[in-house]
Amino acid sequence: MTTGADVRDILELAGGDNDSGPISKKDIINSDKKKAKKVTETLTFKRPEGMHREVYALLYSDKNRDAPPLLPSDTTQGYRTVKAKLGCKKVRPWKWMPFSNPARKDGAIFHHWRRAAEEGKDYPFARFNKTVQVPVYSEQEYQMYLHDDGWTKAETDHLFDLCKRFDLRFIVIHDRYDHQQYRKRSVEDLKERYYCICGKLTKVRAGTGAEPKIYIFDAGHERRRKEQLERLFNRTPEQVAEEEYLVQELRKIETRKREREKKAQDLQKLITAADTTTEMRRAERKATKKKLPQKRETEKPAVPETAGIKFPDFKSAGVSLRSQRMKLPSSVGQKKIKAIEQILTEQGVDLNPMPTEEIVQMFNELRSDLVLVYELKQAYGNCEYEQQMLRHRYDALIKAGGAVTPQSESGGGLDSQSWPCADDIKTEAKEQIIDVVGAPLTPNSRKRRESASSSSSIKKVKKP
């Protein structure tokens with residue numbers, strides 16, 4: 001009689017804790033599940049050598065126990081030392097064969113390695129043999145169109161022969177030119193003669209009604225360009241430093257000029273805004289006196305945006321408070337707001353009046369005029385300060401230029417007078433010029449200097 005161990009051995013089942021006893025129905029039915037569970041538990045993968053842990057975690061992890069998609073077959077060699085897999089095809093044979101370059105006219109034959117399948121084909125680099133098409137002229141064309149008193153026929157033929165040999169490399173042509181047999185020519189002379197003949201031949205050989213493109217070489221311009229380059233190359237360090245200094249001073253002058261132009265434009269805008277505002281006030285006063293309707297918005301003069309304050313228009317649908325129209329826009333700075341509040345407080349005007357229709361309009365116009373007056377005063381102060389600075393600099397320049405004249409004629413002979421040397425005069429004038437070109441001081445810096453000078457004078461007075 002067979003036992004349970006024999007049946008398990010025949011069915012390749014794992015034995016349980018108790019191998020003895022009869023086989024149950026459950027053991028036979030669940031045999032596949034137990035086997036699969038055992039296989040999955042024993043299936044493990046080892047990280048190859050040389051592979052980082054993070055890279056291996058992308059392929060296989062504990063949460064995802066599926067088999068990794070890619071794994072090297074041989075893990076003993078490491079991850080990075082994988083042998084190349086060569087194909088099973090035959091190697092294409094190479095052959096030592098002769099070749100000739102079409103660019104050479106002497107028929108020289110050379111040898112090189114090449115694939116056997118390419119035997120008999122043309123030299124692969126022959127497509128790079130590009131030559132310049134130098135025009136050829138006849139004796140009749142030369143006598144009719146190309147004759148020049150400064151050039152002979154033999155000298156012209158020699159020039160064109162060299163141009164054809166050296167592909168218009170005029171530096172090489174000038175080096176190989178026969179200066180002993182012919183006149184000594186420069187590179188510009190050779191270029192001028194060649195391109196002049198090419199232009200004449202192109203114009204003569206062109207068809208009727210056609211306008212060919214003719215290249216004109218300006219030899220005089222080329223000579224001047226080379227002379228300028230030579231002078232630029234032969235400059236001394238002192239000349240280079242002087243040029244850099246002049247360029248810096250020119251940039252400073254241009255910057256000052258742009259600043260002055262911008263200030264002049266801003267000042268002109270303010271003046272225009274003040275004039276237009278005054279005209280509008282007068283027109284409104286006349287209209288109120290004559291009791292005529294003045295609601296034509298198209299006839300009102302256009303006021304620039306910088307004219308005082310530009311209050312926003314509340315044209316949105318819905319209910320809104322009239323006091324919102326009295327709120328200053330965000331474009332007005334804190335300094336202007338404080339200046340408006342200070343003036344209104346000094347004049348006894350309420351900062352938040354009752355927002356009726358007439359009061360809101362008049363109050364906004366008043367504050368706009370105050371801002372305009374504030375900007376005009378500020379611009380006037382800046383202009384006055386710049387005028388004083390320019391006057392002081394002008395006086396300094398006059399003193400620097402007048403230092404050469406003697407102080408008095410009755411002070412004795414020439415030996416008793418102190419005459420400054422030329423170097424001192426140049427350095428002093430240079431310093432004054434630099435002071436003129438330099439950036440101007442601001443009114444705030446002027447106030448700081450005045451306060452510092454006043455404080456120093458007070459200290460001197462207090463000392464016994």
# chains A, B, ... in the order shown; residues from 1 in each chain; ligands from 1
>>> select_by_dssp(residues="segment 82-276 of chain A", states="alpha helix (DSSP H)", output="VMD selection string")
chain A and resid 139 to 141 153 to 165 170 to 176 187 to 205 219 to 233 237 to 276
>>> atom_distance(atom1="atom CA of Ala219 of chain A", atom2="atom CA of Gln181 of chain A")
23.7 Å
>>> atom_distance(atom1="atom CA of Tyr215 of chain A", atom2="atom CA of Arg183 of chain A")
25.5 Å
>>> atom_distance(atom1="atom CA of Lys377 of chain A", atom2="atom CA of Lys336 of chain A")
12.2 Å
>>> residues_around(residues="Phe128 of chain A", least_positions_apart="6", cutoff="12 Å", atoms="only C-alpha atoms", output="PyMOL selection string")
chain A and resi 101-103
>>> residues_around(residues="Ser323 of chain A", least_positions_apart="5", cutoff="10 Å", atoms="only C-alpha atoms", output="tab-separated table (two decimals) with C-alpha atoms, in the first residue's frame")
chain	number	residue	atom	x	y	z
A	352	ASN	CA	-10.79	116.19	3.45
A	353	PRO	CA	-13.56	118.64	2.46
A	354	MET	CA	-17.20	117.81	1.89
A	355	PRO	CA	-17.24	115.92	-1.44
A	356	THR	CA	-19.88	117.80	-3.37
A	357	GLU	CA	-19.68	117.98	-7.16
A	360	VAL	CA	-14.48	117.80	-5.72
